[in-house]
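Next comes upload.cif, a file with mmCIF, N, CA and C atoms.
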data_coords
#
loop_
_atom_site.label_atom_id
_atom_site.label_comp_id
_atom_site.auth_asym_id
_atom_site.auth_seq_id
_atom_site.Cartn_x
_atom_site.Cartn_y
_atom_site.Cartn_z
N MET A 1 12.96 29.49 5.97
CA MET A 1 13.81 28.64 6.75
C MET A 1 13.02 28.09 7.93
N LYS A 2 13.28 26.83 8.24
CA LYS A 2 12.71 26.19 9.42
C LYS A 2 13.86 25.57 10.19
N TYR A 3 13.79 25.59 11.52
CA TYR A 3 14.86 24.96 12.29
C TYR A 3 14.36 24.52 13.66
N SER A 4 15.17 23.66 14.27
CA SER A 4 14.94 23.22 15.64
C SER A 4 16.31 23.00 16.29
N THR A 5 16.32 22.66 17.55
CA THR A 5 17.59 22.41 18.24
C THR A 5 17.74 20.93 18.53
N ALA A 6 18.97 20.52 18.80
CA ALA A 6 19.27 19.14 19.17
C ALA A 6 20.50 19.13 20.06
N GLY A 7 20.66 18.06 20.79
CA GLY A 7 21.84 17.87 21.61
C GLY A 7 22.71 16.78 20.99
N LEU A 8 23.87 16.56 21.58
CA LEU A 8 24.79 15.55 21.09
C LEU A 8 24.69 14.29 21.92
N GLY A 9 24.67 13.16 21.24
CA GLY A 9 24.62 11.86 21.90
C GLY A 9 25.93 11.12 21.69
N ARG A 10 25.81 9.86 21.34
CA ARG A 10 26.99 9.01 21.13
C ARG A 10 27.69 9.38 19.82
N VAL A 11 28.95 9.00 19.74
CA VAL A 11 29.73 9.16 18.51
C VAL A 11 30.24 7.78 18.12
N PHE A 12 30.01 7.41 16.87
CA PHE A 12 30.46 6.12 16.35
C PHE A 12 31.58 6.35 15.36
N VAL A 13 32.66 5.62 15.53
CA VAL A 13 33.78 5.65 14.60
C VAL A 13 33.75 4.32 13.86
N VAL A 14 33.64 4.39 12.53
CA VAL A 14 33.36 3.21 11.72
C VAL A 14 34.42 3.04 10.64
N ARG A 15 34.86 1.81 10.44
CA ARG A 15 35.70 1.50 9.29
C ARG A 15 34.88 0.66 8.33
N LEU A 16 34.58 1.22 7.17
CA LEU A 16 33.94 0.44 6.12
C LEU A 16 35.01 -0.41 5.46
N GLU A 17 34.61 -1.57 4.99
CA GLU A 17 35.56 -2.48 4.36
C GLU A 17 35.35 -2.52 2.86
N ASP A 18 36.34 -3.01 2.16
CA ASP A 18 36.30 -3.11 0.71
C ASP A 18 35.01 -3.80 0.27
N GLY A 19 34.26 -3.13 -0.60
CA GLY A 19 33.02 -3.69 -1.11
C GLY A 19 31.76 -3.27 -0.37
N ASP A 20 31.90 -2.65 0.80
CA ASP A 20 30.71 -2.19 1.54
C ASP A 20 30.04 -1.06 0.76
N VAL A 21 28.71 -1.11 0.68
CA VAL A 21 27.94 -0.01 0.07
C VAL A 21 27.75 1.04 1.17
N VAL A 22 28.21 2.24 0.91
CA VAL A 22 28.32 3.27 1.94
C VAL A 22 26.98 3.55 2.62
N HIS A 23 25.95 3.94 1.88
CA HIS A 23 24.69 4.32 2.54
C HIS A 23 24.03 3.14 3.24
N GLU A 24 24.11 1.95 2.66
CA GLU A 24 23.51 0.77 3.29
C GLU A 24 24.20 0.45 4.61
N SER A 25 25.52 0.54 4.63
CA SER A 25 26.28 0.23 5.84
C SER A 25 25.98 1.21 6.97
N ILE A 26 25.91 2.50 6.64
CA ILE A 26 25.64 3.51 7.66
C ILE A 26 24.21 3.37 8.19
N GLU A 27 23.26 3.13 7.31
CA GLU A 27 21.87 2.94 7.75
C GLU A 27 21.72 1.66 8.58
N GLU A 28 22.47 0.62 8.25
CA GLU A 28 22.45 -0.62 9.03
C GLU A 28 23.00 -0.38 10.44
N LEU A 29 24.11 0.35 10.53
CA LEU A 29 24.66 0.70 11.85
C LEU A 29 23.63 1.48 12.65
N ALA A 30 23.03 2.50 12.03
CA ALA A 30 22.07 3.35 12.73
C ALA A 30 20.88 2.53 13.23
N ALA A 31 20.33 1.69 12.39
CA ALA A 31 19.18 0.88 12.80
C ALA A 31 19.57 -0.07 13.94
N GLY A 32 20.72 -0.69 13.84
CA GLY A 32 21.17 -1.63 14.86
C GLY A 32 21.46 -0.98 16.19
N GLU A 33 21.92 0.25 16.17
CA GLU A 33 22.28 0.97 17.40
C GLU A 33 21.17 1.90 17.89
N GLY A 34 20.06 1.96 17.16
CA GLY A 34 18.96 2.83 17.58
C GLY A 34 19.22 4.30 17.36
N VAL A 35 20.05 4.63 16.38
CA VAL A 35 20.34 6.03 16.06
C VAL A 35 19.35 6.48 14.99
N LEU A 36 18.52 7.46 15.31
CA LEU A 36 17.54 7.96 14.35
C LEU A 36 17.98 9.26 13.69
N ARG A 37 18.80 10.03 14.39
CA ARG A 37 19.22 11.34 13.88
C ARG A 37 20.71 11.51 14.12
N ALA A 38 21.41 11.99 13.08
CA ALA A 38 22.86 12.12 13.22
C ALA A 38 23.43 13.01 12.13
N ALA A 39 24.63 13.51 12.39
CA ALA A 39 25.47 14.13 11.37
C ALA A 39 26.52 13.08 11.01
N VAL A 40 26.89 13.02 9.72
CA VAL A 40 27.77 11.95 9.24
C VAL A 40 28.89 12.53 8.40
N LEU A 41 30.11 12.07 8.67
CA LEU A 41 31.30 12.43 7.88
C LEU A 41 31.87 11.16 7.27
N VAL A 42 32.29 11.23 6.00
CA VAL A 42 32.84 10.07 5.30
C VAL A 42 34.13 10.46 4.59
N LEU A 43 35.11 9.56 4.65
CA LEU A 43 36.39 9.78 3.99
C LEU A 43 36.93 8.43 3.54
N GLY A 44 37.43 8.37 2.31
CA GLY A 44 38.00 7.11 1.86
C GLY A 44 38.03 6.99 0.35
N GLY A 45 37.85 5.75 -0.12
CA GLY A 45 37.89 5.48 -1.54
C GLY A 45 36.57 4.94 -2.05
N ALA A 46 36.20 5.35 -3.27
CA ALA A 46 35.00 4.85 -3.95
C ALA A 46 35.45 3.95 -5.10
N ASP A 47 34.84 2.80 -5.21
CA ASP A 47 35.25 1.81 -6.19
C ASP A 47 34.70 2.12 -7.59
N ASP A 48 35.36 1.57 -8.57
CA ASP A 48 34.93 1.63 -9.96
C ASP A 48 33.48 1.15 -10.06
N GLY A 49 32.67 1.84 -10.82
CA GLY A 49 31.27 1.45 -11.00
C GLY A 49 30.31 2.04 -10.00
N SER A 50 30.82 2.78 -9.00
CA SER A 50 29.93 3.44 -8.04
C SER A 50 29.05 4.44 -8.79
N ARG A 51 27.82 4.61 -8.30
CA ARG A 51 26.85 5.48 -8.97
C ARG A 51 26.49 6.67 -8.09
N VAL A 52 26.46 7.86 -8.72
CA VAL A 52 26.24 9.12 -8.01
C VAL A 52 25.18 9.95 -8.74
N VAL A 53 24.24 10.54 -8.00
CA VAL A 53 23.30 11.49 -8.58
C VAL A 53 24.00 12.84 -8.64
N VAL A 54 24.08 13.41 -9.85
CA VAL A 54 24.86 14.63 -10.06
C VAL A 54 24.00 15.84 -10.40
N GLY A 55 22.71 15.76 -10.18
CA GLY A 55 21.83 16.91 -10.40
C GLY A 55 20.61 16.55 -11.21
N PRO A 56 19.67 17.44 -11.27
CA PRO A 56 18.51 17.23 -12.13
C PRO A 56 18.82 17.71 -13.55
N HIS A 57 18.17 17.08 -14.53
CA HIS A 57 18.31 17.55 -15.92
C HIS A 57 17.85 18.99 -16.02
N ASP A 58 16.70 19.29 -15.43
CA ASP A 58 16.15 20.65 -15.43
C ASP A 58 15.57 20.90 -14.04
N GLY A 59 16.23 21.73 -13.27
CA GLY A 59 15.84 21.97 -11.88
C GLY A 59 14.49 22.63 -11.70
N ARG A 60 13.93 23.19 -12.74
CA ARG A 60 12.63 23.86 -12.64
C ARG A 60 11.52 23.11 -13.37
N ALA A 61 11.79 21.90 -13.83
CA ALA A 61 10.78 21.10 -14.51
C ALA A 61 9.71 20.66 -13.53
N THR A 62 8.52 20.38 -14.03
CA THR A 62 7.43 19.91 -13.19
C THR A 62 7.77 18.58 -12.55
N VAL A 63 8.36 17.69 -13.33
CA VAL A 63 8.83 16.41 -12.82
C VAL A 63 10.36 16.45 -12.82
N ILE A 64 10.94 16.29 -11.65
CA ILE A 64 12.40 16.37 -11.53
C ILE A 64 13.00 15.04 -11.96
N GLU A 65 13.87 15.11 -12.94
CA GLU A 65 14.50 13.92 -13.50
C GLU A 65 15.99 13.94 -13.13
N PRO A 66 16.43 13.00 -12.26
CA PRO A 66 17.82 13.04 -11.82
C PRO A 66 18.79 12.61 -12.91
N MET A 67 19.99 13.17 -12.84
CA MET A 67 21.09 12.74 -13.70
C MET A 67 21.99 11.85 -12.84
N GLU A 68 22.59 10.86 -13.47
CA GLU A 68 23.44 9.93 -12.75
C GLU A 68 24.78 9.81 -13.45
N ARG A 69 25.82 9.67 -12.67
CA ARG A 69 27.15 9.43 -13.23
C ARG A 69 27.70 8.16 -12.60
N VAL A 70 28.28 7.32 -13.44
CA VAL A 70 28.96 6.12 -12.97
C VAL A 70 30.46 6.45 -12.91
N LEU A 71 31.06 6.22 -11.76
CA LEU A 71 32.49 6.50 -11.61
C LEU A 71 33.30 5.43 -12.34
N ARG A 72 34.19 5.87 -13.19
CA ARG A 72 35.08 4.98 -13.93
C ARG A 72 36.44 5.01 -13.27
N GLY A 73 36.82 3.91 -12.67
CA GLY A 73 38.07 3.84 -11.93
C GLY A 73 37.85 4.19 -10.47
N VAL A 74 38.83 3.88 -9.65
CA VAL A 74 38.78 4.18 -8.22
C VAL A 74 38.94 5.68 -8.02
N HIS A 75 38.16 6.24 -7.09
CA HIS A 75 38.18 7.68 -6.79
C HIS A 75 38.41 7.92 -5.30
N GLU A 76 39.02 9.04 -4.99
CA GLU A 76 39.07 9.53 -3.61
C GLU A 76 37.67 10.04 -3.26
N MET A 77 37.27 9.95 -1.99
CA MET A 77 35.92 10.34 -1.59
C MET A 77 35.97 11.11 -0.27
N ALA A 78 35.25 12.24 -0.22
CA ALA A 78 35.06 12.98 1.01
C ALA A 78 33.62 13.49 1.00
N GLY A 79 32.87 13.22 2.09
CA GLY A 79 31.46 13.60 2.09
C GLY A 79 30.93 13.94 3.46
N VAL A 80 29.76 14.58 3.44
CA VAL A 80 29.08 14.97 4.66
C VAL A 80 27.58 14.77 4.45
N GLY A 81 26.91 14.36 5.52
CA GLY A 81 25.48 14.11 5.37
C GLY A 81 24.74 14.16 6.68
N THR A 82 23.45 13.88 6.57
CA THR A 82 22.58 13.82 7.74
C THR A 82 21.78 12.53 7.71
N LEU A 83 21.37 12.12 8.87
CA LEU A 83 20.56 10.92 9.04
C LEU A 83 19.33 11.31 9.85
N PHE A 84 18.15 11.10 9.26
CA PHE A 84 16.89 11.37 9.95
C PHE A 84 15.90 10.29 9.57
N PRO A 85 14.91 10.02 10.43
CA PRO A 85 13.95 8.97 10.10
C PRO A 85 12.99 9.39 8.99
N ASP A 86 12.61 8.40 8.17
CA ASP A 86 11.62 8.64 7.13
C ASP A 86 10.22 8.46 7.72
N ALA A 87 9.20 8.46 6.88
CA ALA A 87 7.81 8.36 7.34
C ALA A 87 7.55 7.05 8.09
N ARG A 88 8.32 6.02 7.80
CA ARG A 88 8.14 4.73 8.48
C ARG A 88 9.03 4.59 9.72
N GLY A 89 9.78 5.65 10.02
CA GLY A 89 10.63 5.63 11.21
C GLY A 89 12.00 5.03 10.99
N ARG A 90 12.37 4.73 9.76
CA ARG A 90 13.69 4.15 9.46
C ARG A 90 14.72 5.26 9.31
N PRO A 91 15.90 5.12 9.94
CA PRO A 91 16.95 6.12 9.76
C PRO A 91 17.40 6.13 8.30
N THR A 92 17.33 7.30 7.66
CA THR A 92 17.62 7.42 6.23
C THR A 92 18.72 8.44 6.02
N LEU A 93 19.78 8.02 5.34
CA LEU A 93 20.94 8.87 5.12
C LEU A 93 20.77 9.72 3.87
N HIS A 94 21.14 10.99 3.98
CA HIS A 94 21.25 11.88 2.83
C HIS A 94 22.67 12.44 2.89
N LEU A 95 23.52 11.98 1.96
CA LEU A 95 24.93 12.34 2.01
C LEU A 95 25.42 12.71 0.63
N HIS A 96 26.08 13.85 0.55
CA HIS A 96 26.71 14.27 -0.70
C HIS A 96 28.22 14.16 -0.51
N ALA A 97 28.89 13.78 -1.58
CA ALA A 97 30.34 13.60 -1.52
C ALA A 97 30.99 14.11 -2.79
N ALA A 98 32.26 14.43 -2.66
CA ALA A 98 33.08 14.77 -3.82
C ALA A 98 33.98 13.57 -4.10
N PHE A 99 34.13 13.26 -5.38
CA PHE A 99 34.93 12.11 -5.81
C PHE A 99 35.98 12.61 -6.79
N GLY A 100 37.25 12.33 -6.49
CA GLY A 100 38.32 12.82 -7.34
C GLY A 100 39.18 11.70 -7.88
N ARG A 101 39.60 11.87 -9.13
CA ARG A 101 40.55 10.95 -9.76
C ARG A 101 41.37 11.78 -10.74
N ASP A 102 42.69 11.77 -10.54
CA ASP A 102 43.59 12.57 -11.35
C ASP A 102 43.16 14.03 -11.24
N ASP A 103 42.83 14.70 -12.35
CA ASP A 103 42.43 16.10 -12.26
C ASP A 103 40.93 16.29 -12.45
N ARG A 104 40.15 15.21 -12.29
CA ARG A 104 38.70 15.28 -12.46
C ARG A 104 38.00 15.13 -11.11
N VAL A 105 36.94 15.90 -10.91
CA VAL A 105 36.15 15.81 -9.68
C VAL A 105 34.68 15.73 -10.05
N THR A 106 33.98 14.83 -9.39
CA THR A 106 32.53 14.71 -9.52
C THR A 106 31.96 14.83 -8.11
N ALA A 107 30.87 15.54 -7.96
CA ALA A 107 30.22 15.65 -6.66
C ALA A 107 28.75 15.32 -6.82
N GLY A 108 28.20 14.67 -5.81
CA GLY A 108 26.78 14.36 -5.87
C GLY A 108 26.33 13.50 -4.70
N CYS A 109 25.08 13.06 -4.79
CA CYS A 109 24.44 12.26 -3.76
C CYS A 109 24.79 10.78 -3.97
N ILE A 110 25.12 10.09 -2.88
CA ILE A 110 25.58 8.71 -2.96
C ILE A 110 24.46 7.68 -2.98
N ARG A 111 23.22 8.10 -2.94
CA ARG A 111 22.08 7.20 -2.74
C ARG A 111 21.95 6.09 -3.78
N ARG A 112 22.46 6.28 -4.98
CA ARG A 112 22.33 5.27 -6.03
C ARG A 112 23.28 4.09 -5.85
N GLY A 113 24.28 4.26 -4.96
CA GLY A 113 25.16 3.13 -4.67
C GLY A 113 26.63 3.42 -4.88
N VAL A 114 27.29 3.86 -3.82
CA VAL A 114 28.73 4.06 -3.83
C VAL A 114 29.34 2.93 -3.01
N THR A 115 30.26 2.21 -3.63
CA THR A 115 30.90 1.07 -2.99
C THR A 115 32.29 1.47 -2.51
N THR A 116 32.62 1.06 -1.30
CA THR A 116 33.92 1.37 -0.72
C THR A 116 35.04 0.64 -1.46
N TRP A 117 36.10 1.37 -1.75
CA TRP A 117 37.31 0.77 -2.27
C TRP A 117 38.35 0.76 -1.16
N VAL A 118 38.68 -0.37 -0.64
CA VAL A 118 39.69 -0.64 0.39
C VAL A 118 39.43 0.09 1.71
N VAL A 119 39.35 1.41 1.67
CA VAL A 119 39.25 2.15 2.93
C VAL A 119 38.04 3.09 2.93
N GLY A 120 37.29 3.03 4.02
CA GLY A 120 36.20 3.96 4.24
C GLY A 120 36.15 4.28 5.72
N GLU A 121 36.30 5.54 6.05
CA GLU A 121 36.25 5.97 7.44
C GLU A 121 35.02 6.85 7.63
N VAL A 122 34.24 6.54 8.65
CA VAL A 122 32.97 7.24 8.88
C VAL A 122 32.89 7.64 10.35
N VAL A 123 32.42 8.85 10.59
CA VAL A 123 32.10 9.29 11.95
C VAL A 123 30.61 9.65 11.95
N VAL A 124 29.87 9.01 12.84
CA VAL A 124 28.45 9.26 13.00
C VAL A 124 28.25 9.93 14.34
N ILE A 125 27.73 11.16 14.32
CA ILE A 125 27.53 11.95 15.54
C ILE A 125 26.03 12.00 15.81
N GLU A 126 25.60 11.26 16.80
CA GLU A 126 24.17 11.16 17.12
C GLU A 126 23.63 12.49 17.63
N LEU A 127 22.44 12.84 17.14
CA LEU A 127 21.72 14.04 17.58
C LEU A 127 20.56 13.60 18.48
N THR A 128 20.43 14.21 19.64
CA THR A 128 19.38 13.84 20.59
C THR A 128 18.44 15.02 20.82
N GLY A 129 17.28 14.71 21.39
CA GLY A 129 16.34 15.76 21.77
C GLY A 129 15.69 16.44 20.58
N SER A 130 15.68 15.80 19.44
CA SER A 130 15.09 16.38 18.23
C SER A 130 13.97 15.48 17.72
N GLY A 131 12.96 16.09 17.15
CA GLY A 131 11.87 15.34 16.53
C GLY A 131 11.90 15.45 15.02
N ALA A 132 13.00 15.93 14.46
CA ALA A 132 13.10 16.14 13.01
C ALA A 132 12.93 14.83 12.26
N VAL A 133 12.19 14.91 11.14
CA VAL A 133 11.93 13.74 10.30
C VAL A 133 11.97 14.15 8.82
N ARG A 134 12.08 13.15 7.97
CA ARG A 134 11.97 13.36 6.52
C ARG A 134 10.54 13.06 6.11
N ARG A 135 9.91 14.00 5.40
CA ARG A 135 8.53 13.81 4.93
C ARG A 135 8.49 13.96 3.41
N ALA A 136 7.66 13.12 2.80
CA ALA A 136 7.49 13.19 1.35
C ALA A 136 6.89 14.53 0.96
N ASP A 137 7.47 15.14 -0.07
CA ASP A 137 6.99 16.41 -0.60
C ASP A 137 6.38 16.14 -1.98
N ALA A 138 5.08 16.34 -2.10
CA ALA A 138 4.38 16.02 -3.35
C ALA A 138 4.90 16.82 -4.53
N ALA A 139 5.28 18.06 -4.31
CA ALA A 139 5.71 18.92 -5.41
C ALA A 139 7.03 18.46 -6.03
N THR A 140 7.96 17.95 -5.21
CA THR A 140 9.28 17.57 -5.74
C THR A 140 9.48 16.07 -5.85
N GLY A 141 8.73 15.32 -5.05
CA GLY A 141 8.97 13.88 -4.98
C GLY A 141 10.09 13.51 -4.03
N PHE A 142 10.71 14.51 -3.40
CA PHE A 142 11.79 14.27 -2.44
C PHE A 142 11.23 14.05 -1.05
N GLU A 143 12.04 13.41 -0.20
CA GLU A 143 11.73 13.37 1.23
C GLU A 143 12.50 14.51 1.87
N LEU A 144 11.79 15.57 2.23
CA LEU A 144 12.43 16.78 2.75
C LEU A 144 12.45 16.79 4.27
N LEU A 145 13.48 17.39 4.83
CA LEU A 145 13.64 17.47 6.26
C LEU A 145 12.62 18.43 6.87
N GLU A 146 11.92 17.96 7.88
CA GLU A 146 11.01 18.79 8.68
C GLU A 146 11.62 18.91 10.07
N PRO A 147 12.27 20.03 10.35
CA PRO A 147 12.95 20.16 11.64
C PRO A 147 11.99 20.20 12.81
#

Could you take the file, read its structure, and then write that structure out as C-alpha cells?
Amino acid sequence: MKYSTAGLGRVFVVRLEDGDVVHESIEELAAGEGVLRAAVLVLGGADDGSRVVVGPHDGRATVIEPMERVLRGVHEMAGVGTLFPDARGRPTLHLHAAFGRDDRVTAGCIRRGVTTWVVGEVVVIELTGSGAVRRADAATGFELLEP
C-alpha cells in the first residue's frame, strides 16, 4: 500500500444534460476550472448504447484484454471515482458505476463512453495539497495512481 494526504478545496455541483458523455464532461469541467485532483460522485441515467468495461477476460494474463458491455436500453446509474493528472498533466477521471435496468445490474468502468440519459448529477470534491498522479505501468498497461 502507498498513500499520501490531501486537503479539501472547492466543491462543484454539476448537472449533466441529455446526451453528455460523462467522463468527457467531468474532465472538461476539471480542465476549465483548474482542478487536477478530486473525488467524484455520479447519479442519474445512462442512455441506450453506453459502453462499459466490465473486467478483463483473464486477470492474470500477460496482456490484459478488457471486456466491454454495451447497455441495451436506458439504465439507472450510480458511481464513484477519482480524478488525478496523467503524465501530461491532464486531469483524468477513473470512475466505476453500477447500471441497473429491471432486475439486471452491470457494473464497470465508464471510460469507453457512457452517455447521460436526461438526468446526470455530479459532485466534484477538489483535493488540495497533494502531488498524486497517474503513471503508466509497463506490466499492466494501466495508468496507476502514485500517491

Measuring atom to atom with all atoms listed in the file, identify which of A:Ala31, A:Ala132, A:Gly45, A:Arg37 is nearest to A:Leu145. A:Ala132

Members of stretch 13-63 of chain A assigned alpha helix (DSSP H) by DSSP, as a list in words: Val22, His23, Glu24, Ser25, Ile26, Glu27, Glu28, Leu29, Ala30, Ala31, Gly32 and Glu33 of chain A

Reference answer for the PyMOL selection byres ((chain A and resi 77) around 7), as a list in words: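 Output from the PyMOL selection byres ((chain A and resi 77) around 7), applied to this file: Val42, Leu43, Gly44, Gly45, Ala46, His75, Glu76, Ala78, Gly79, Ala97, Ala98, Phe99 and Gly100 of chain A.
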
Leaving out A:Thr116 and any residue of its chain fewer than 6 positions from it, which residues lie within 8 Å of it when counting only C-alpha atoms, given as a list in words?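 So, after excluding close chain neighbours, the residues are Leu16, Glu17, Asp18, Gly19, Asp20, Val21, Val22, Gly44, Gly45, Ala46 and Asp47 of chain A.
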
Neighbours of A:Asp137 within 12 Å (only C-alpha atoms; same-chain residues fewer than 6 positions away dropped), as a list in words? Asp86, Ala87, Glu143, Leu144, Leu145 and Glu146 of chain A

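Of the listed residues A:Ala107, A:Val70, A:Val133, A:Val122, the one whose atoms come nearest to A:Ser50 is A:Val70, with distances taken using all atoms listed in the file.
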
Go through the shown structure with the PyMOL selection byres (((chain A and resi 40 and name CA) around 9) and name CA) and write out the matching residues as a list in words.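 Evaluating the PyMOL selection byres (((chain A and resi 40 and name CA) around 9) and name CA) on these coordinates yields Ile26, Ala38, Ala39, Leu41, Val42, Gly79, Val80, Gly81, Thr82, Leu83, Leu93, Leu95, Val122, Val123, Val124, Ile125 and Glu126 of chain A.
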
For the residues in that selection, give me N, CA and C atoms as a compact mmCIF listing (two decimals), in the coordinates of the input.
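Heads up, here's the output in selection_8.txt:
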# COMPACT_ATOMS: atom_id res chain seq x y z
N ILE A 26 25.91 2.50 6.64
CA ILE A 26 25.64 3.51 7.66
C ILE A 26 24.21 3.37 8.19
N ALA A 38 21.41 11.99 13.08
CA ALA A 38 22.86 12.12 13.22
C ALA A 38 23.43 13.01 12.13
N ALA A 39 24.63 13.51 12.39
CA ALA A 39 25.47 14.13 11.37
C ALA A 39 26.52 13.08 11.01
N LEU A 41 30.11 12.07 8.67
CA LEU A 41 31.30 12.43 7.88
C LEU A 41 31.87 11.16 7.27
N VAL A 42 32.29 11.23 6.00
CA VAL A 42 32.84 10.07 5.30
C VAL A 42 34.13 10.46 4.59
N GLY A 79 32.87 13.22 2.09
CA GLY A 79 31.46 13.60 2.09
C GLY A 79 30.93 13.94 3.46
N VAL A 80 29.76 14.58 3.44
CA VAL A 80 29.08 14.97 4.66
C VAL A 80 27.58 14.77 4.45
N GLY A 81 26.91 14.36 5.52
CA GLY A 81 25.48 14.11 5.37
C GLY A 81 24.74 14.16 6.68
N THR A 82 23.45 13.88 6.57
CA THR A 82 22.58 13.82 7.74
C THR A 82 21.78 12.53 7.71
N LEU A 83 21.37 12.12 8.87
CA LEU A 83 20.56 10.92 9.04
C LEU A 83 19.33 11.31 9.85
N LEU A 93 19.78 8.02 5.34
CA LEU A 93 20.94 8.87 5.12
C LEU A 93 20.77 9.72 3.87
N LEU A 95 23.52 11.98 1.96
CA LEU A 95 24.93 12.34 2.01
C LEU A 95 25.42 12.71 0.63
N VAL A 122 34.24 6.54 8.65
CA VAL A 122 32.97 7.24 8.88
C VAL A 122 32.89 7.64 10.35
N VAL A 123 32.42 8.85 10.59
CA VAL A 123 32.10 9.29 11.95
C VAL A 123 30.61 9.65 11.95
N VAL A 124 29.87 9.01 12.84
CA VAL A 124 28.45 9.26 13.00
C VAL A 124 28.25 9.93 14.34
N ILE A 125 27.73 11.16 14.32
CA ILE A 125 27.53 11.95 15.54
C ILE A 125 26.03 12.00 15.81
N GLU A 126 25.60 11.26 16.80
CA GLU A 126 24.17 11.16 17.12
C GLU A 126 23.63 12.49 17.63

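Pairwise distance (atom N of A:Glu24, atom N of A:Gly9) equals 21.7 Å.
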